[in-house]
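> What follows is a structure written as structure tokens; I'll ask about it next.
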Amino acid sequence: MIILGIESSCDETAAAVVQNGTRILSSIIASQVDTHCRYGGVVPELASRMHIEAIVPVVDEAVQKAGITLGDIDGVAATRGPGLIGALLVGFSFAKAFAWARQIPLAGVNHLEAHIYSLLLMEAPPSFPFIALVVSGGHTNIYHVTGPSAFELMGQTRDDAAGEAFDKVSKLLDLGYPGGPVIETLAKTKDPGHIKFPRTLLEKESFDFSFSGLKSSVARYLHDHKITSPEDKAQIASSFQAAVIDVLTCKLIHAAQVKCCNRLGISGGVAANRTFVTQLSLEASRQNIQVFAPPVDLCGDNAAMIAARGFTMIQEGRLCDLDHDVFSRTRI
Ligand code: KG4
Ligand code: ZN
């Protein structure tokens, strides 16, 4: 079964063709980051307009690269939420029209479930059950995933998402948007233990996160110290990143232990951070826990993960009608 996946929840217009939920025939991502970085973050109205311009060429390219014709597509899957309403509407409306015109099934995919499915697109994916962290610009959620559609939310951030903290600290350091990649690169050059930023772990048995205190602590440090050189900025980046990674690592290993589960997957934009993957893998291996992280191009927003999740939904008969709408916030 061939599924066309479409993603437009934030600042990437993406389309992908995936066979039987696992084999990626094509995956095209048109990023708007060069436009939004001028404003220090995503401008929703601009994002919607750019999705409108990109959606048809991106789908065309995905179909062409896959080496198929439109008639080969058996179903469509598009992100229904959470995300920016105007941005979601572009991809979801396109998908509705496409499915109606070709008389094929339509799945309205939850973006967070799709990030978990990016783990199932790996060459050697985790088997069920596993612990999954979805860690992006908007979310830091831990799930116990016990089956293809069984996601138990164990904890989430109470304020900023981890990716948001990277972006805000990058802004404080005048390093631009998005913050994650530049902070990761700078951090490699300095000792992470040099500045002791706080590790907020909240209650002992909680799997929730809080990153706003860490961000304020970096702001206070900048206020109290005269930071001018790139060297100083790299030092702060390294110590900040270490604090985020320590908290994520600690909570994830604890979650795996509590659920007696020896498989741990991470996905979402922050999972592209290979320093995080390396540290988590090292500490997890000491507890006999195996870590799964998709390749970088599947960590951030993409449509292959939407198609993969949509494939299961279509198989389960969980379809969308033309009167279904997008949603901005959700919980799974
Ligand atoms: O999943 P994603 O592409 O979009 C959302 O659904 O939010 O995640 C984007 C987030 C941004 O906050 C970005 O700074 C962060 O992922 N990010 C990283 C890295 N690459 C992207 N954070 C840390 N290290 C990275 N290498
Ligand atoms: Zn995402």
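Letters for chains follow the order of the structure tokens (A, B, ...), residue numbers begin at 1 for each chain, and ligand numbers begin at 1 in the order shown.
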Any chance you could list, as a PyMOL selection string, the residues in stretch 37-195 of chain A that come up alpha helix (DSSP H) when DSSP is run on the backbone?

chain A and resi 44-66+85-102+111-120+162-172+179-187

> Would you export the selected residues with C-alpha atoms as a PDB file, in the first residue's frame, please?


ATOM      1  CA  PRO A  44       2.572  32.209  11.658  1.00  0.00           C
ATOM      2  CA  GLU A  45       1.024  34.302   8.870  1.00  0.00           C
ATOM      3  CA  LEU A  46       4.205  34.111   6.794  1.00  0.00           C
ATOM      4  CA  ALA A  47       4.343  30.352   7.352  1.00  0.00           C
ATOM      5  CA  SER A  48       0.779  29.878   6.010  1.00  0.00           C
ATOM      6  CA  ARG A  49       1.525  31.910   2.896  1.00  0.00           C
ATOM      7  CA  MET A  50       4.722  30.030   2.195  1.00  0.00           C
ATOM      8  CA  HIS A  51       2.987  26.667   2.624  1.00  0.00           C
ATOM      9  CA  ILE A  52       0.433  27.712  -0.008  1.00  0.00           C
ATOM     10  CA  GLU A  53       3.238  28.476  -2.462  1.00  0.00           C
ATOM     11  CA  ALA A  54       5.185  25.300  -1.711  1.00  0.00           C
ATOM     12  CA  ILE A  55       2.570  22.575  -1.319  1.00  0.00           C
ATOM     13  CA  VAL A  56       1.953  21.700  -4.995  1.00  0.00           C
ATOM     14  CA  PRO A  57       5.618  21.716  -6.124  1.00  0.00           C
ATOM     15  CA  VAL A  58       6.670  19.734  -3.036  1.00  0.00           C
ATOM     16  CA  VAL A  59       4.013  17.047  -3.621  1.00  0.00           C
ATOM     17  CA  ASP A  60       4.921  16.930  -7.336  1.00  0.00           C
ATOM     18  CA  GLU A  61       8.581  16.416  -6.460  1.00  0.00           C
ATOM     19  CA  ALA A  62       7.790  13.678  -3.928  1.00  0.00           C
ATOM     20  CA  VAL A  63       5.686  11.772  -6.496  1.00  0.00           C
ATOM     21  CA  GLN A  64       8.357  12.163  -9.181  1.00  0.00           C
ATOM     22  CA  LYS A  65      11.270  11.125  -6.933  1.00  0.00           C
ATOM     23  CA  ALA A  66       9.291   8.060  -5.798  1.00  0.00           C
ATOM     24  CA  ILE A  85      -3.817  26.542  12.575  1.00  0.00           C
ATOM     25  CA  GLY A  86      -3.205  28.521   9.369  1.00  0.00           C
ATOM     26  CA  ALA A  87      -0.228  26.346   8.469  1.00  0.00           C
ATOM     27  CA  LEU A  88      -2.046  23.076   9.214  1.00  0.00           C
ATOM     28  CA  LEU A  89      -5.027  24.163   7.110  1.00  0.00           C
ATOM     29  CA  VAL A  90      -2.897  24.350   3.967  1.00  0.00           C
ATOM     30  CA  GLY A  91      -1.629  20.764   4.073  1.00  0.00           C
ATOM     31  CA  PHE A  92      -4.818  19.267   5.472  1.00  0.00           C
ATOM     32  CA  SER A  93      -7.100  21.001   2.947  1.00  0.00           C
ATOM     33  CA  PHE A  94      -4.791  19.927   0.123  1.00  0.00           C
ATOM     34  CA  ALA A  95      -4.941  16.338   1.415  1.00  0.00           C
ATOM     35  CA  LYS A  96      -8.752  16.434   1.674  1.00  0.00           C
ATOM     36  CA  ALA A  97      -9.063  17.656  -1.904  1.00  0.00           C
ATOM     37  CA  PHE A  98      -6.536  15.088  -3.155  1.00  0.00           C
ATOM     38  CA  ALA A  99      -8.264  12.198  -1.369  1.00  0.00           C
ATOM     39  CA  TRP A 100     -11.721  13.313  -2.562  1.00  0.00           C
ATOM     40  CA  ALA A 101     -10.614  13.792  -6.176  1.00  0.00           C
ATOM     41  CA  ARG A 102      -8.966  10.384  -6.338  1.00  0.00           C
ATOM     42  CA  HIS A 111       1.986  15.245  14.720  1.00  0.00           C
ATOM     43  CA  LEU A 112       3.314  13.870  18.033  1.00  0.00           C
ATOM     44  CA  GLU A 113       2.285  10.295  17.218  1.00  0.00           C
ATOM     45  CA  ALA A 114       4.036  10.778  13.876  1.00  0.00           C
ATOM     46  CA  HIS A 115       7.288  11.802  15.608  1.00  0.00           C
ATOM     47  CA  ILE A 116       7.090   8.497  17.532  1.00  0.00           C
ATOM     48  CA  TYR A 117       6.582   6.729  14.181  1.00  0.00           C
ATOM     49  CA  SER A 118       9.855   8.204  12.877  1.00  0.00           C
ATOM     50  CA  LEU A 119      11.451   5.613  15.215  1.00  0.00           C
ATOM     51  CA  LEU A 120       9.583   2.859  13.358  1.00  0.00           C
ATOM     52  CA  ALA A 162      13.597  21.698  25.400  1.00  0.00           C
ATOM     53  CA  GLY A 163      13.911  22.971  21.810  1.00  0.00           C
ATOM     54  CA  GLU A 164      12.315  26.255  22.850  1.00  0.00           C
ATOM     55  CA  ALA A 165      14.981  26.595  25.577  1.00  0.00           C
ATOM     56  CA  PHE A 166      17.710  26.070  22.927  1.00  0.00           C
ATOM     57  CA  ASP A 167      16.063  28.741  20.754  1.00  0.00           C
ATOM     58  CA  LYS A 168      15.634  31.247  23.604  1.00  0.00           C
ATOM     59  CA  VAL A 169      19.186  30.822  24.901  1.00  0.00           C
ATOM     60  CA  SER A 170      20.464  31.203  21.342  1.00  0.00           C
ATOM     61  CA  LYS A 171      18.546  34.478  21.125  1.00  0.00           C
ATOM     62  CA  LEU A 172      20.063  35.637  24.448  1.00  0.00           C
ATOM     63  CA  GLY A 179      19.215  27.684  18.301  1.00  0.00           C
ATOM     64  CA  GLY A 180      19.755  23.927  18.537  1.00  0.00           C
ATOM     65  CA  PRO A 181      22.286  23.316  15.745  1.00  0.00           C
ATOM     66  CA  VAL A 182      24.448  26.390  16.475  1.00  0.00           C
ATOM     67  CA  ILE A 183      24.512  25.686  20.222  1.00  0.00           C
ATOM     68  CA  GLU A 184      25.446  22.052  19.588  1.00  0.00           C
ATOM     69  CA  THR A 185      28.329  23.081  17.309  1.00  0.00           C
ATOM     70  CA  LEU A 186      29.690  25.716  19.714  1.00  0.00           C
ATOM     71  CA  ALA A 187      29.270  23.399  22.710  1.00  0.00           C
TER      72      ALA A 187
END

> With a cut-off of 8 Å, could you pull out the residues of chain A touching ligand 2 and give me the nearest pair of atoms for each, distance in Å to one decimal, using only C-alpha atoms and all ligand atoms, ordered by chain and ascending number, as JSON lines?


{"residue": "A:Ser9", "atom": "CA", "partner": "ligand 2", "partner_atom_place_in_ligand_line": "1 (Zn)", "distance": 7.8}
{"residue": "A:Cys10", "atom": "CA", "partner": "ligand 2", "partner_atom_place_in_ligand_line": "1 (Zn)", "distance": 7.8}
{"residue": "A:His111", "atom": "CA", "partner": "ligand 2", "partner_atom_place_in_ligand_line": "1 (Zn)", "distance": 6.5}
{"residue": "A:Leu112", "atom": "CA", "partner": "ligand 2", "partner_atom_place_in_ligand_line": "1 (Zn)", "distance": 6.9}
{"residue": "A:His115", "atom": "CA", "partner": "ligand 2", "partner_atom_place_in_ligand_line": "1 (Zn)", "distance": 6.6}
{"residue": "A:Ser136", "atom": "CA", "partner": "ligand 2", "partner_atom_place_in_ligand_line": "1 (Zn)", "distance": 5.9}
{"residue": "A:Gly137", "atom": "CA", "partner": "ligand 2", "partner_atom_place_in_ligand_line": "1 (Zn)", "distance": 7.3}
{"residue": "A:Gly138", "atom": "CA", "partner": "ligand 2", "partner_atom_place_in_ligand_line": "1 (Zn)", "distance": 7.5}
{"residue": "A:Gly268", "atom": "CA", "partner": "ligand 2", "partner_atom_place_in_ligand_line": "1 (Zn)", "distance": 5.6}
{"residue": "A:Gly269", "atom": "CA", "partner": "ligand 2", "partner_atom_place_in_ligand_line": "1 (Zn)", "distance": 6.7}
{"residue": "A:Gly300", "atom": "CA", "partner": "ligand 2", "partner_atom_place_in_ligand_line": "1 (Zn)", "distance": 5.9}
{"residue": "A:Asp301", "atom": "CA", "partner": "ligand 2", "partner_atom_place_in_ligand_line": "1 (Zn)", "distance": 4.7}
{"residue": "A:Asn302", "atom": "CA", "partner": "ligand 2", "partner_atom_place_in_ligand_line": "1 (Zn)", "distance": 7.9}

> Could you write out that same residue set with C-alpha atoms as a PDB file, in the first residue's frame?


ATOM      1  CA  SER A   9       2.230  22.119  10.996  1.00  0.00           C
ATOM      2  CA  CYS A  10       4.997  24.695  11.440  1.00  0.00           C
ATOM      3  CA  HIS A 111       1.986  15.245  14.720  1.00  0.00           C
ATOM      4  CA  LEU A 112       3.314  13.870  18.033  1.00  0.00           C
ATOM      5  CA  HIS A 115       7.288  11.802  15.608  1.00  0.00           C
ATOM      6  CA  SER A 136      11.000  19.470  19.720  1.00  0.00           C
ATOM      7  CA  GLY A 137      10.430  23.209  19.623  1.00  0.00           C
ATOM      8  CA  GLY A 138       6.911  22.815  21.000  1.00  0.00           C
ATOM      9  CA  GLY A 268      11.820  15.397  17.309  1.00  0.00           C
ATOM     10  CA  GLY A 269      14.181  18.237  16.392  1.00  0.00           C
ATOM     11  CA  GLY A 300      12.936  17.167  12.548  1.00  0.00           C
ATOM     12  CA  ASP A 301       9.599  17.693  10.837  1.00  0.00           C
ATOM     13  CA  ASN A 302       9.133  15.492   7.767  1.00  0.00           C
TER      14      ASN A 302
END

> Would you list the contacts of stretch 230-244 of chain A as an MDAnalysis selection string, taking every protein, DNA or RNA residue within 8 Å and counting only C-alpha atoms, but skipping same-chain residues closer than 3 positions in sequence?

chainID A and resid 162 166 173 183:184 186:199 211 214 218 227 247:248

> Write the residues of the preceding selection, restricted to N, CA and C atoms, as a PDB file, in the first residue's frame.


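The resulting again.pdb:
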ATOM      1  N   ALA A 162      12.126  21.698  25.435  1.00  0.00           N
ATOM      2  CA  ALA A 162      13.597  21.698  25.400  1.00  0.00           C
ATOM      3  C   ALA A 162      14.118  22.477  24.183  1.00  0.00           C
ATOM      4  N   PHE A 166      16.561  25.881  23.828  1.00  0.00           N
ATOM      5  CA  PHE A 166      17.710  26.070  22.927  1.00  0.00           C
ATOM      6  C   PHE A 166      17.520  27.363  22.120  1.00  0.00           C
ATOM      7  N   LEU A 173      22.093  34.812  23.426  1.00  0.00           N
ATOM      8  CA  LEU A 173      23.518  34.860  23.057  1.00  0.00           C
ATOM      9  C   LEU A 173      23.736  35.505  21.689  1.00  0.00           C
ATOM     10  N   ILE A 183      24.065  25.941  18.843  1.00  0.00           N
ATOM     11  CA  ILE A 183      24.512  25.686  20.222  1.00  0.00           C
ATOM     12  C   ILE A 183      25.268  24.363  20.281  1.00  0.00           C
ATOM     13  N   GLU A 184      24.751  23.354  19.574  1.00  0.00           N
ATOM     14  CA  GLU A 184      25.446  22.052  19.588  1.00  0.00           C
ATOM     15  C   GLU A 184      26.865  22.180  19.023  1.00  0.00           C
ATOM     16  N   LEU A 186      28.823  24.945  18.812  1.00  0.00           N
ATOM     17  CA  LEU A 186      29.690  25.716  19.714  1.00  0.00           C
ATOM     18  C   LEU A 186      30.058  24.911  20.952  1.00  0.00           C
ATOM     19  N   ALA A 187      29.074  24.143  21.456  1.00  0.00           N
ATOM     20  CA  ALA A 187      29.270  23.399  22.710  1.00  0.00           C
ATOM     21  C   ALA A 187      30.422  22.398  22.604  1.00  0.00           C
ATOM     22  N   LYS A 188      30.660  21.919  21.406  1.00  0.00           N
ATOM     23  CA  LYS A 188      31.715  20.903  21.205  1.00  0.00           C
ATOM     24  C   LYS A 188      33.103  21.436  21.574  1.00  0.00           C
ATOM     25  N   THR A 189      33.250  22.778  21.572  1.00  0.00           N
ATOM     26  CA  THR A 189      34.577  23.359  21.762  1.00  0.00           C
ATOM     27  C   THR A 189      34.916  23.628  23.230  1.00  0.00           C
ATOM     28  N   LYS A 190      33.953  23.438  24.142  1.00  0.00           N
ATOM     29  CA  LYS A 190      34.198  23.827  25.550  1.00  0.00           C
ATOM     30  C   LYS A 190      33.801  22.742  26.540  1.00  0.00           C
ATOM     31  N   ASP A 191      34.398  22.846  27.745  1.00  0.00           N
ATOM     32  CA  ASP A 191      34.094  21.900  28.819  1.00  0.00           C
ATOM     33  C   ASP A 191      32.677  22.166  29.358  1.00  0.00           C
ATOM     34  N   PRO A 192      31.782  21.171  29.297  1.00  0.00           N
ATOM     35  CA  PRO A 192      30.397  21.401  29.718  1.00  0.00           C
ATOM     36  C   PRO A 192      30.247  21.646  31.220  1.00  0.00           C
ATOM     37  N   GLY A 193      31.246  21.240  32.008  1.00  0.00           N
ATOM     38  CA  GLY A 193      31.109  21.360  33.458  1.00  0.00           C
ATOM     39  C   GLY A 193      31.528  22.714  34.008  1.00  0.00           C
ATOM     40  N   HIS A 194      31.948  23.622  33.148  1.00  0.00           N
ATOM     41  CA  HIS A 194      32.549  24.874  33.616  1.00  0.00           C
ATOM     42  C   HIS A 194      31.575  25.777  34.389  1.00  0.00           C
ATOM     43  N   ILE A 195      30.397  26.001  33.834  1.00  0.00           N
ATOM     44  CA  ILE A 195      29.391  26.818  34.542  1.00  0.00           C
ATOM     45  C   ILE A 195      28.320  25.859  35.048  1.00  0.00           C
ATOM     46  N   LYS A 196      27.954  26.016  36.328  1.00  0.00           N
ATOM     47  CA  LYS A 196      26.977  25.081  36.918  1.00  0.00           C
ATOM     48  C   LYS A 196      25.563  25.645  36.787  1.00  0.00           C
ATOM     49  N   PHE A 197      24.916  25.401  35.656  1.00  0.00           N
ATOM     50  CA  PHE A 197      23.518  25.803  35.510  1.00  0.00           C
ATOM     51  C   PHE A 197      22.637  24.759  36.192  1.00  0.00           C
ATOM     52  N   PRO A 198      21.427  25.169  36.648  1.00  0.00           N
ATOM     53  CA  PRO A 198      20.592  24.229  37.421  1.00  0.00           C
ATOM     54  C   PRO A 198      20.009  23.094  36.578  1.00  0.00           C
ATOM     55  N   ARG A 199      19.819  21.939  37.223  1.00  0.00           N
ATOM     56  CA  ARG A 199      19.125  20.789  36.617  1.00  0.00           C
ATOM     57  C   ARG A 199      17.792  20.663  37.344  1.00  0.00           C
ATOM     58  N   PHE A 211      11.920  23.827  31.916  1.00  0.00           N
ATOM     59  CA  PHE A 211      13.176  24.399  31.386  1.00  0.00           C
ATOM     60  C   PHE A 211      13.242  25.921  31.502  1.00  0.00           C
ATOM     61  N   LEU A 214      16.061  27.247  33.824  1.00  0.00           N
ATOM     62  CA  LEU A 214      17.395  27.153  33.214  1.00  0.00           C
ATOM     63  C   LEU A 214      17.641  28.345  32.284  1.00  0.00           C
ATOM     64  N   VAL A 218      20.489  31.326  32.640  1.00  0.00           N
ATOM     65  CA  VAL A 218      21.436  31.789  31.606  1.00  0.00           C
ATOM     66  C   VAL A 218      21.316  33.308  31.458  1.00  0.00           C
ATOM     67  N   ILE A 227      29.932  39.370  28.919  1.00  0.00           N
ATOM     68  CA  ILE A 227      30.197  38.357  27.883  1.00  0.00           C
ATOM     69  C   ILE A 227      30.377  39.061  26.541  1.00  0.00           C
ATOM     70  N   VAL A 247      19.113  16.483  32.319  1.00  0.00           N
ATOM     71  CA  VAL A 247      17.724  16.331  32.778  1.00  0.00           C
ATOM     72  C   VAL A 247      16.980  15.318  31.901  1.00  0.00           C
ATOM     73  N   LEU A 248      17.119  15.448  30.579  1.00  0.00           N
ATOM     74  CA  LEU A 248      16.423  14.523  29.669  1.00  0.00           C
ATOM     75  C   LEU A 248      16.896  13.092  29.922  1.00  0.00           C
TER      76      LEU A 248
END

> Go through A:Cys261, A:Ile6, A:Ala272, A:Ile28 one by one, measure the shortest atom-to-atom distance of each to A:Val296 using only C-alpha atoms, and give the residue with the smallest value.

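Comparing A:Cys261, A:Ile6, A:Ala272, A:Ile28 against A:Val296, the winner is A:Ala272.
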
> Can you tell me, as number ranges by chain, what residues are no more than 8 Å from A:Leu252 when counting only C-alpha atoms, ignoring any on the same chain fewer than 4 positions away?

A: 131, 133, 142, 248, 256, 264

> Record the distance separating atom CA of A:Ser8 and atom CA of A:Cys37, expressed in Å with one decimal.

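Distance between the two atoms: 17.8 Å.
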
> Any idea what's packed within 7 Å of A:Gly5, counting only C-alpha atoms, ignoring anything in its chain fewer than 2 positions away? Could you give it as a PDB file with N, CA and C atoms, in the first residue's frame?


ATOM      1  N   ILE A   3       1.327   5.244   0.483  1.00  0.00           N
ATOM      2  CA  ILE A   3       0.700   6.402   1.143  1.00  0.00           C
ATOM      3  C   ILE A   3       1.485   7.676   0.805  1.00  0.00           C
ATOM      4  N   GLU A   7       3.003  17.188   5.464  1.00  0.00           N
ATOM      5  CA  GLU A   7       3.255  17.837   6.757  1.00  0.00           C
ATOM      6  C   GLU A   7       3.349  19.355   6.546  1.00  0.00           C
ATOM      7  N   ALA A  15       6.442  16.594   1.867  1.00  0.00           N
ATOM      8  CA  ALA A  15       5.630  15.529   1.273  1.00  0.00           C
ATOM      9  C   ALA A  15       6.517  14.310   1.123  1.00  0.00           C
ATOM     10  N   ALA A  16       5.924  13.129   1.301  1.00  0.00           N
ATOM     11  CA  ALA A  16       6.706  11.890   1.190  1.00  0.00           C
ATOM     12  C   ALA A  16       5.822  10.777   0.662  1.00  0.00           C
ATOM     13  N   VAL A  17       6.465   9.817   0.030  1.00  0.00           N
ATOM     14  CA  VAL A  17       5.753   8.624  -0.431  1.00  0.00           C
ATOM     15  C   VAL A  17       6.365   7.436   0.304  1.00  0.00           C
ATOM     16  N   VAL A  76      -3.957   8.917   1.554  1.00  0.00           N
ATOM     17  CA  VAL A  76      -3.259  10.167   1.898  1.00  0.00           C
ATOM     18  C   VAL A  76      -3.275  10.332   3.410  1.00  0.00           C
ATOM     19  N   ALA A  77      -2.161  10.821   3.946  1.00  0.00           N
ATOM     20  CA  ALA A  77      -2.081  11.118   5.379  1.00  0.00           C
ATOM     21  C   ALA A  77      -1.541  12.532   5.521  1.00  0.00           C
ATOM     22  N   ALA A  78      -2.246  13.353   6.303  1.00  0.00           N
ATOM     23  CA  ALA A  78      -1.768  14.726   6.502  1.00  0.00           C
ATOM     24  C   ALA A  78      -1.834  15.069   7.980  1.00  0.00           C
ATOM     25  N   ALA A 303       7.587  14.432   6.240  1.00  0.00           N
ATOM     26  CA  ALA A 303       6.289  13.838   5.900  1.00  0.00           C
ATOM     27  C   ALA A 303       6.341  12.316   5.865  1.00  0.00           C
ATOM     28  N   ALA A 304       7.543  11.729   5.896  1.00  0.00           N
ATOM     29  CA  ALA A 304       7.635  10.264   5.904  1.00  0.00           C
ATOM     30  C   ALA A 304       6.997   9.719   7.177  1.00  0.00           C
ATOM     31  N   ILE A 306       4.664  11.096   8.844  1.00  0.00           N
ATOM     32  CA  ILE A 306       3.201  11.309   8.750  1.00  0.00           C
ATOM     33  C   ILE A 306       2.586  10.156   7.938  1.00  0.00           C
ATOM     34  N   ALA A 307       3.255   9.799   6.841  1.00  0.00           N
ATOM     35  CA  ALA A 307       2.761   8.699   6.002  1.00  0.00           C
ATOM     36  C   ALA A 307       2.802   7.376   6.782  1.00  0.00           C
TER      37      ALA A 307
END

> Go through A:Ser127, A:Ser26, A:Thr79, A:Ser149 one by one, measure the shortest atom-to-atom distance of each to ligand 1 using only C-alpha atoms and all ligand atoms, and give the residue with the smallest value.

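Ranking A:Ser127, A:Ser26, A:Thr79, A:Ser149 by distance to ligand 1, first place goes to A:Thr79.
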
> I'd like the neighbourhood of A:Val291 as a PyMOL selection string, where a residue qualifies if any of its atoms comes within 12 Å (using only C-alpha atoms), though same-chain residues fewer than 3 positions away should be ignored.

chain A and resi 119+124-127+130-133+249+252-253+256+261-267+271+276-288+294

> Could you write out, as a list of chain:residue names, all the residues of stretch 196-273 of chain A that DSSP marks as strand (DSSP E or B)?

A:Phe209, A:Arg263, A:Leu264, A:Gly265, A:Ile266, A:Ser267

> Taking only C-alpha atoms and all ligand atoms into account, which of A:Glu316, A:Asp160, A:Asp72, A:Asp208 comes nearest ligand 1?

A:Asp160

> Using only C-alpha atoms, can you tell me which of A:Ala107, A:Asn20, A:Gly310, A:Val33 comes closest to A:Val326?

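For A:Val326, the nearest of the given residues is A:Ala107.
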
> Write out as a list in words the residues lying within 7 Å of A:Gly75, counting only C-alpha atoms and excluding same-chain residues fewer than 4 positions away.

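Surrounding residues, per the criterion: Ile2, Ile3, Leu4, Ile104, Pro105 and Leu106 of chain A.
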
> Point out the residue among A:Cys250, A:Met1, A:Ile289, A:Leu175 with the least atom-to-atom distance to ligand 1, counting only C-alpha atoms and all ligand atoms.

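Among the listed residues, the smallest separation from ligand 1 belongs to A:Leu175.
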